[in-house]
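With mmCIF, C-alpha atoms; chains and numbers go by the auth columns inside, this is final.cif:
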data_start
loop_
_atom_site.group_PDB
_atom_site.id
_atom_site.type_symbol
_atom_site.label_atom_id
_atom_site.label_comp_id
_atom_site.label_asym_id
_atom_site.label_seq_id
_atom_site.Cartn_x
_atom_site.Cartn_y
_atom_site.Cartn_z
_atom_site.B_iso_or_equiv
_atom_site.auth_seq_id
_atom_site.auth_asym_id
ATOM 1 C CA MET A 1 -52.146 2.515 -34.403 0.00 1 E
ATOM 2 C CA SER A 2 -48.532 3.601 -34.252 0.00 2 E
ATOM 3 C CA LYS A 3 -45.658 1.246 -35.008 0.00 3 E
ATOM 4 C CA PHE A 4 -43.986 -0.377 -32.003 0.00 4 E
ATOM 5 C CA TYR A 5 -40.211 0.031 -32.098 0.00 5 E
ATOM 6 C CA GLY A 6 -39.330 -1.920 -28.945 0.00 6 E
ATOM 7 C CA PHE A 7 -38.101 -1.187 -25.468 0.00 7 E
ATOM 8 C CA ARG A 8 -34.868 0.642 -26.493 0.00 8 E
ATOM 9 C CA SER A 9 -31.491 -0.869 -25.686 0.00 9 E
ATOM 10 C CA CYS A 10 -29.131 -1.058 -22.730 0.00 10 E
ATOM 11 C CA THR A 11 -26.858 1.958 -22.254 0.00 11 E
ATOM 12 C CA ASN A 12 -23.828 -0.246 -21.435 0.00 12 E
ATOM 13 C CA CYS A 13 -23.945 -3.254 -23.756 0.00 13 E
ATOM 14 C CA GLU A 14 -26.419 -2.049 -26.444 0.00 14 E
ATOM 15 C CA ILE A 15 -28.480 -5.277 -26.202 0.00 15 E
ATOM 16 C CA ALA A 16 -32.156 -4.775 -27.011 0.00 16 E
ATOM 17 C CA CYS A 17 -34.185 -4.719 -23.793 0.00 17 E
ATOM 18 C CA THR A 18 -37.019 -7.228 -23.621 0.00 18 E
ATOM 19 C CA PRO A 19 -40.101 -7.205 -21.386 0.00 19 E
ATOM 20 C CA SER A 20 -39.169 -7.706 -17.702 0.00 20 E
ATOM 21 C CA ASN A 21 -35.415 -7.735 -18.466 0.00 21 E
ATOM 22 C CA PHE A 22 -34.460 -4.112 -17.857 0.00 22 E
ATOM 23 C CA VAL A 23 -34.191 -1.458 -15.156 0.00 23 E
ATOM 24 C CA ASP A 24 -34.660 2.289 -15.597 0.00 24 E
ATOM 25 C CA TYR A 25 -32.426 4.333 -13.304 0.00 25 E
ATOM 26 C CA GLN A 26 -31.828 8.087 -13.566 0.00 26 E
ATOM 27 C CA LYS A 27 -33.233 8.257 -17.121 0.00 27 E
ATOM 28 C CA LYS A 28 -30.941 5.460 -18.342 0.00 28 E
ATOM 29 C CA ARG A 29 -31.984 1.942 -19.278 0.00 29 E
ATOM 30 C CA TYR A 30 -29.925 -1.061 -18.167 0.00 30 E
ATOM 31 C CA CYS A 31 -30.450 -4.747 -18.946 0.00 31 E
ATOM 32 C CA THR A 32 -30.624 -6.929 -15.839 0.00 32 E
ATOM 33 C CA ALA A 33 -27.150 -8.369 -16.494 0.00 33 E
ATOM 34 C CA CYS A 34 -25.497 -4.920 -16.613 0.00 34 E
ATOM 35 C CA TRP A 35 -27.471 -3.764 -13.572 0.00 35 E
ATOM 36 C CA ILE A 36 -26.361 -6.770 -11.515 0.00 36 E
ATOM 37 C CA GLN A 37 -22.781 -6.355 -12.753 0.00 37 E
ATOM 38 C CA ASN A 38 -22.765 -2.692 -11.638 0.00 38 E
ATOM 39 C CA GLN A 39 -24.381 -3.364 -8.252 0.00 39 E
ATOM 40 C CA ASN A 40 -22.769 -6.730 -7.403 0.00 40 E
ATOM 41 C CA PRO A 41 -19.777 -7.519 -9.646 0.00 41 E
ATOM 42 C CA GLU A 42 -19.001 -10.748 -7.767 0.00 42 E
ATOM 43 C CA HIS A 43 -22.419 -12.319 -8.317 0.00 43 E
ATOM 44 C CA PRO A 44 -21.898 -16.084 -8.767 0.00 44 E
ATOM 45 C CA GLU A 45 -24.372 -16.460 -11.668 0.00 45 E
ATOM 46 C CA LEU A 46 -23.510 -13.319 -13.628 0.00 46 E
ATOM 47 C CA LYS A 47 -22.414 -15.230 -16.744 0.00 47 E
ATOM 48 C CA LEU A 48 -25.662 -17.253 -16.794 0.00 48 E
ATOM 49 C CA ILE A 49 -27.751 -14.092 -16.408 0.00 49 E
ATOM 50 C CA ARG A 50 -25.915 -12.412 -19.309 0.00 50 E
ATOM 51 C CA GLU A 51 -26.515 -15.463 -21.543 0.00 51 E
ATOM 52 C CA LYS A 52 -30.209 -15.476 -20.598 0.00 52 E
ATOM 53 C CA VAL A 53 -30.584 -11.777 -21.450 0.00 53 E
ATOM 54 C CA VAL A 54 -28.894 -12.246 -24.850 0.00 54 E
ATOM 55 C CA ASN A 55 -30.969 -15.340 -25.675 0.00 55 E
ATOM 56 C CA ASP A 56 -34.207 -13.639 -24.615 0.00 56 E
ATOM 57 C CA ALA A 57 -33.411 -10.646 -26.843 0.00 57 E
ATOM 58 C CA GLU A 58 -32.770 -12.865 -29.881 0.00 58 E
ATOM 59 C CA GLN A 59 -35.915 -14.919 -29.270 0.00 59 E
ATOM 60 C CA TRP A 60 -38.048 -11.795 -28.692 0.00 60 E
ATOM 61 C CA LYS A 61 -36.897 -10.260 -31.974 0.00 61 E
ATOM 62 C CA CYS A 62 -37.880 -13.430 -33.837 0.00 62 E
ATOM 63 C CA ILE A 63 -41.305 -13.552 -32.177 0.00 63 E
ATOM 64 C CA LYS A 64 -41.921 -9.852 -32.797 0.00 64 E
ATOM 65 C CA TRP A 65 -41.425 -10.121 -36.550 0.00 65 E
ATOM 66 C CA SER A 66 -43.183 -13.472 -37.052 0.00 66 E
ATOM 67 C CA ARG A 67 -45.881 -13.575 -39.746 0.00 67 E
ATOM 68 C CA GLU A 68 -47.382 -16.956 -38.808 0.00 68 E
ATOM 69 C CA GLU A 69 -50.625 -15.298 -37.728 0.00 69 E
ATOM 70 C CA GLY A 70 -51.326 -14.066 -41.242 0.00 70 E
ATOM 71 C CA PRO A 71 -51.376 -10.629 -42.854 0.00 71 E
ATOM 72 C CA LEU A 72 -52.541 -7.531 -41.059 0.00 72 E
ATOM 73 C CA PRO A 73 -56.170 -6.479 -41.576 0.00 73 E
ATOM 74 C CA ASN A 74 -56.982 -3.689 -44.009 0.00 74 E
ATOM 75 C CA GLY A 75 -59.035 -1.812 -41.454 0.00 75 E
ATOM 76 C CA PRO A 76 -62.693 -1.668 -40.534 0.00 76 E
ATOM 77 C CA ILE A 77 -65.168 -2.802 -43.147 0.00 77 E
ATOM 78 C CA SER A 78 -67.691 -0.127 -44.108 0.00 78 E
ATOM 79 C CA HIS A 79 -71.328 -0.777 -43.377 0.00 79 E
ATOM 80 C CA LYS A 80 -73.722 -0.845 -46.358 0.00 80 E
ATOM 81 C CA ASN A 81 -77.394 0.050 -45.903 0.00 81 E
#

Before we go any further, please render this structure as C-alpha cells.
Amino acid sequence: MSKFYGFRSCTNCEIACTPSNFVDYQKKRYCTACWIQNQNPEHPELKLIREKVVNDAEQWKCIKWSREEGPLPNGPISHKN
C-alpha cells in the first residue's frame, strides 16, 4: 500500500486541506474559507469559518499521525503445511 500524503493544501492560504473542507476549481484547490472569501467577501461568518478550517487542519494532522492503535502489521503470515 502506498503512503498517504494528504489532500494537498489551499492555493491561497497554504493551509492543509482536510476531508470535506476544500473545493477544486479549474485545477486549483481552495479551502472553504478562501472559496467563500473569493465568492462572497461580505459573508457575516467568514472569520468563524476560517477558524474552523484552521482548527480542523490541526486536529486532522494529530489524528493522522496518532499511534494509539499500535504498530503496523508486518504483512501476511505465511502458511505452513

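One finds CA of Asn21 (chain E) at 19.8 Å from CA of Glu42 (chain E).
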
* To do: Give me, please, the distance in Å between CA of Leu46 (chain E) and CA of Arg8 (chain E), quoted to one decimal.
  =>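 Result for CA of Leu46 (chain E) versus CA of Arg8 (chain E): 22.1 Å, one decimal.
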
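When all atoms listed in the file are used to measure the gap to Phe22 (chain E), the shortest distance among E:Val53, E:Asn38, E:Leu48, E:Glu58 belongs to E:Val53.
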
* Interatomic distance (Å, one decimal) between CA of Ile15 (chain E) and CA of Asn55 (chain E) ->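 Answer for the CA of Ile15 (chain E) to CA of Asn55 (chain E) separation: 10.4 Å.
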
* Quick one: which residues end up in the PyMOL selection byres ((chain E and resi 10) around 10) for this structure, as a list of chain:residue names? ->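 That selection, the PyMOL selection byres ((chain E and resi 10) around 10), comes back as E:Phe7, E:Arg8, E:Ser9, E:Thr11, E:Asn12, E:Cys13, E:Glu14, E:Ile15, E:Ala16, E:Cys17, E:Phe22, E:Val23, E:Asp24, E:Lys28, E:Arg29, E:Tyr30, E:Cys31, E:Thr32, E:Ala33, E:Cys34, E:Trp35.
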
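Minimum atom-to-atom distances from E:Tyr25, E:Thr18, E:His43, E:Ile36 to Gln59 (chain E) were compared using all atoms listed in the file, and the lowest value belongs to E:Thr18.
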
Subset file as a compact mmCIF listing (two decimals), in the first residue's frame: region 2-50 of chain E, N, CA and C atoms:
# COMPACT_ATOMS: atom_id res chain seq x y z
N SER E 2 0.53 2.21 -0.80
CA SER E 2 1.34 3.42 -0.88
C SER E 2 1.07 4.33 0.32
N LYS E 3 2.01 5.21 0.60
CA LYS E 3 1.87 6.13 1.72
C LYS E 3 0.92 7.26 1.34
N PHE E 4 0.07 7.64 2.29
CA PHE E 4 -0.91 8.70 2.06
C PHE E 4 -0.32 10.03 2.51
N TYR E 5 -0.22 10.97 1.62
CA TYR E 5 0.41 12.25 1.91
C TYR E 5 -0.58 13.36 2.22
N GLY E 6 -1.87 13.12 2.12
CA GLY E 6 -2.86 14.12 2.46
C GLY E 6 -3.61 14.64 1.25
N PHE E 7 -4.37 15.67 1.47
CA PHE E 7 -5.24 16.22 0.44
C PHE E 7 -4.66 17.49 -0.19
N ARG E 8 -3.36 17.68 -0.16
CA ARG E 8 -2.69 18.89 -0.66
C ARG E 8 -3.05 20.09 0.21
N SER E 9 -2.74 21.27 -0.23
CA SER E 9 -3.03 22.46 0.56
C SER E 9 -3.71 23.50 -0.32
N CYS E 10 -4.28 24.49 0.33
CA CYS E 10 -5.00 25.56 -0.35
C CYS E 10 -4.02 26.41 -1.16
N THR E 11 -4.44 26.84 -2.34
CA THR E 11 -3.56 27.65 -3.18
C THR E 11 -3.41 29.08 -2.66
N ASN E 12 -4.36 29.57 -1.89
CA ASN E 12 -4.29 30.94 -1.36
C ASN E 12 -3.56 31.01 -0.03
N CYS E 13 -4.02 30.23 0.96
CA CYS E 13 -3.51 30.40 2.32
C CYS E 13 -2.54 29.29 2.75
N GLU E 14 -2.33 28.29 1.92
CA GLU E 14 -1.39 27.19 2.19
C GLU E 14 -1.76 26.36 3.43
N ILE E 15 -3.03 26.39 3.85
CA ILE E 15 -3.49 25.52 4.94
C ILE E 15 -3.75 24.14 4.35
N ALA E 16 -3.40 23.11 5.10
CA ALA E 16 -3.63 21.74 4.63
C ALA E 16 -5.13 21.50 4.52
N CYS E 17 -5.58 20.98 3.39
CA CYS E 17 -6.99 20.70 3.18
C CYS E 17 -7.35 19.39 3.88
N THR E 18 -8.48 19.40 4.55
CA THR E 18 -8.96 18.22 5.27
C THR E 18 -10.19 17.67 4.55
N PRO E 19 -10.60 16.46 4.86
CA PRO E 19 -11.78 15.90 4.19
C PRO E 19 -13.00 16.80 4.35
N SER E 20 -13.69 17.05 3.27
CA SER E 20 -14.92 17.86 3.20
C SER E 20 -14.69 19.34 3.49
N ASN E 21 -13.47 19.83 3.47
CA ASN E 21 -13.19 21.24 3.72
C ASN E 21 -12.43 21.88 2.57
N PHE E 22 -12.67 21.43 1.34
CA PHE E 22 -11.99 22.06 0.21
C PHE E 22 -12.86 21.98 -1.04
N VAL E 23 -12.52 22.83 -2.01
CA VAL E 23 -13.20 22.88 -3.29
C VAL E 23 -12.14 22.87 -4.38
N ASP E 24 -12.33 22.02 -5.39
CA ASP E 24 -11.45 22.03 -6.56
C ASP E 24 -12.13 22.82 -7.67
N TYR E 25 -11.44 23.83 -8.18
CA TYR E 25 -11.99 24.66 -9.25
C TYR E 25 -10.88 25.01 -10.21
N GLN E 26 -11.05 24.63 -11.46
CA GLN E 26 -10.09 24.88 -12.54
C GLN E 26 -8.68 24.42 -12.14
N LYS E 27 -8.58 23.19 -11.69
CA LYS E 27 -7.32 22.53 -11.32
C LYS E 27 -6.59 23.21 -10.17
N LYS E 28 -7.30 23.97 -9.36
CA LYS E 28 -6.73 24.58 -8.16
C LYS E 28 -7.57 24.18 -6.97
N ARG E 29 -6.93 24.00 -5.83
CA ARG E 29 -7.62 23.58 -4.62
C ARG E 29 -7.72 24.75 -3.65
N TYR E 30 -8.94 25.01 -3.17
CA TYR E 30 -9.20 26.09 -2.23
C TYR E 30 -9.84 25.51 -0.98
N CYS E 31 -9.44 26.01 0.21
CA CYS E 31 -10.15 25.64 1.43
C CYS E 31 -11.50 26.36 1.40
N THR E 32 -12.45 25.90 2.19
CA THR E 32 -13.78 26.50 2.15
C THR E 32 -13.75 27.98 2.56
N ALA E 33 -12.87 28.34 3.48
CA ALA E 33 -12.79 29.75 3.90
C ALA E 33 -12.34 30.65 2.75
N CYS E 34 -11.31 30.24 2.02
CA CYS E 34 -10.84 31.04 0.88
C CYS E 34 -11.88 31.08 -0.23
N TRP E 35 -12.56 29.97 -0.46
CA TRP E 35 -13.58 29.92 -1.50
C TRP E 35 -14.72 30.88 -1.19
N ILE E 36 -15.19 30.88 0.07
CA ILE E 36 -16.26 31.79 0.46
C ILE E 36 -15.78 33.23 0.41
N GLN E 37 -14.54 33.47 0.81
CA GLN E 37 -13.99 34.83 0.76
C GLN E 37 -13.92 35.34 -0.68
N ASN E 38 -13.57 34.47 -1.63
CA ASN E 38 -13.49 34.89 -3.04
C ASN E 38 -14.87 35.11 -3.64
N GLN E 39 -15.84 34.27 -3.27
CA GLN E 39 -17.17 34.34 -3.87
C GLN E 39 -18.08 35.36 -3.17
N ASN E 40 -17.93 35.48 -1.84
CA ASN E 40 -18.80 36.37 -1.06
C ASN E 40 -17.97 37.02 0.04
N PRO E 41 -17.21 38.08 -0.28
CA PRO E 41 -16.30 38.67 0.71
C PRO E 41 -17.01 39.29 1.91
N GLU E 42 -18.29 39.57 1.82
CA GLU E 42 -19.01 40.17 2.94
C GLU E 42 -19.82 39.16 3.72
N HIS E 43 -19.43 37.91 3.68
CA HIS E 43 -20.14 36.86 4.43
C HIS E 43 -20.03 37.17 5.92
N PRO E 44 -21.15 37.11 6.66
CA PRO E 44 -21.11 37.51 8.07
C PRO E 44 -20.30 36.58 8.98
N GLU E 45 -20.14 35.33 8.61
CA GLU E 45 -19.44 34.36 9.47
C GLU E 45 -18.10 33.93 8.90
N LEU E 46 -17.48 34.75 8.10
CA LEU E 46 -16.23 34.40 7.44
C LEU E 46 -15.11 34.11 8.43
N LYS E 47 -15.02 34.92 9.49
CA LYS E 47 -13.97 34.72 10.50
C LYS E 47 -14.15 33.38 11.22
N LEU E 48 -15.40 33.02 11.54
CA LEU E 48 -15.67 31.74 12.21
C LEU E 48 -15.34 30.56 11.30
N ILE E 49 -15.63 30.69 10.02
CA ILE E 49 -15.34 29.62 9.06
C ILE E 49 -13.83 29.43 8.94
N ARG E 50 -13.07 30.53 8.88
CA ARG E 50 -11.61 30.44 8.79
C ARG E 50 -11.04 29.75 10.03
